[in-house]
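S.K.: Sharing a structure below in structure tokens format, with a few things to ask.
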Amino acid sequence: MIYIDKTTAINFRHSRVDNPDGVKAPNKRLSESKDSLMKSRRTECEILQILPDQEPLVMGYGESLCHPNDNFNKEFGRKNALARAISKMARQDRTVIWNAYFNR
């Protein structure tokens, strides 16, 4: 978790998900079973407001999904998911969040 200030933080999660596009692994025949479907890697980003004695409030959410034929790059996924999470915020808020991310 990356803290922006005392009450705001950025949280990332990385996971594998079933490939939604049904792209087959390279060199696999189309007639093979569904087990040959590749898994995609997903990066999720949440901008959280953390207040004492309360559940964290999600202020922004974004995710980035890597195509199964591409190499997974954690840093690229984080930047992409973060950009989507803060896309609807004011410019000055986005600047503060990006500065906190790059100066972690």
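By convention in this document, the chains of the structure tokens carry letters A, B, ... by their order, each chain's residues are numbered from 1, and ligands are numbered from 1 in the order they are shown.
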So that I can check the secondary structure, give me every residue of range 1-100 of chain A assigned helix (DSSP H, G or I) by backbone DSSP, as number ranges by chain.
M.R.: A: 34-36, 74-85, 91-100
S.K.: I'd like to know which residues of chain A are strand (DSSP E or B) (by DSSP, run on the backbone); could you write them as a VMD selection string?
M.R.: chain A and resid 2 to 3 8 to 18 24 37 39 to 49 57 to 65
S.K.: Just want the 9 Å neighbourhood of range 40-47 of chain A, counted on only C-alpha atoms, with same-chain residues fewer than 5 positions away dropped. Output as number ranges by chain.
M.R.: A: 8-20, 57-69, 72, 74, 77-78, 80-82, 84-86
S.K.: Find the residue from A:Ala83, A:Ala90, A:Lys39, A:Thr7 that sits nearest to Asp70 in chain A; use only C-alpha atoms when measuring.
M.R.: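 That would be A:Lys39, the residue with the smallest distance to Asp70 in chain A.
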S.K.: Between CA of Phe76 in chain A and CA of Lys6 in chain A, what is the spacing in Å?
M.R.: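 Straight-line distance from CA of Lys6 in chain A to CA of Phe76 in chain A works out to 26.5 Å.
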S.K.: Which distance in Å separates CA of Met1 in chain A and CA of Asn71 in chain A, to one decimal?
M.R.: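 Calculated distance between CA of Met1 in chain A and CA of Asn71 in chain A is 24.4 Å.
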S.K.: CA of Lys88 in chain A and CA of Gln49 in chain A are how many Å apart?
M.R.: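 Computing the Euclidean distance for CA of Lys88 in chain A and CA of Gln49 in chain A yields 15.9 Å.
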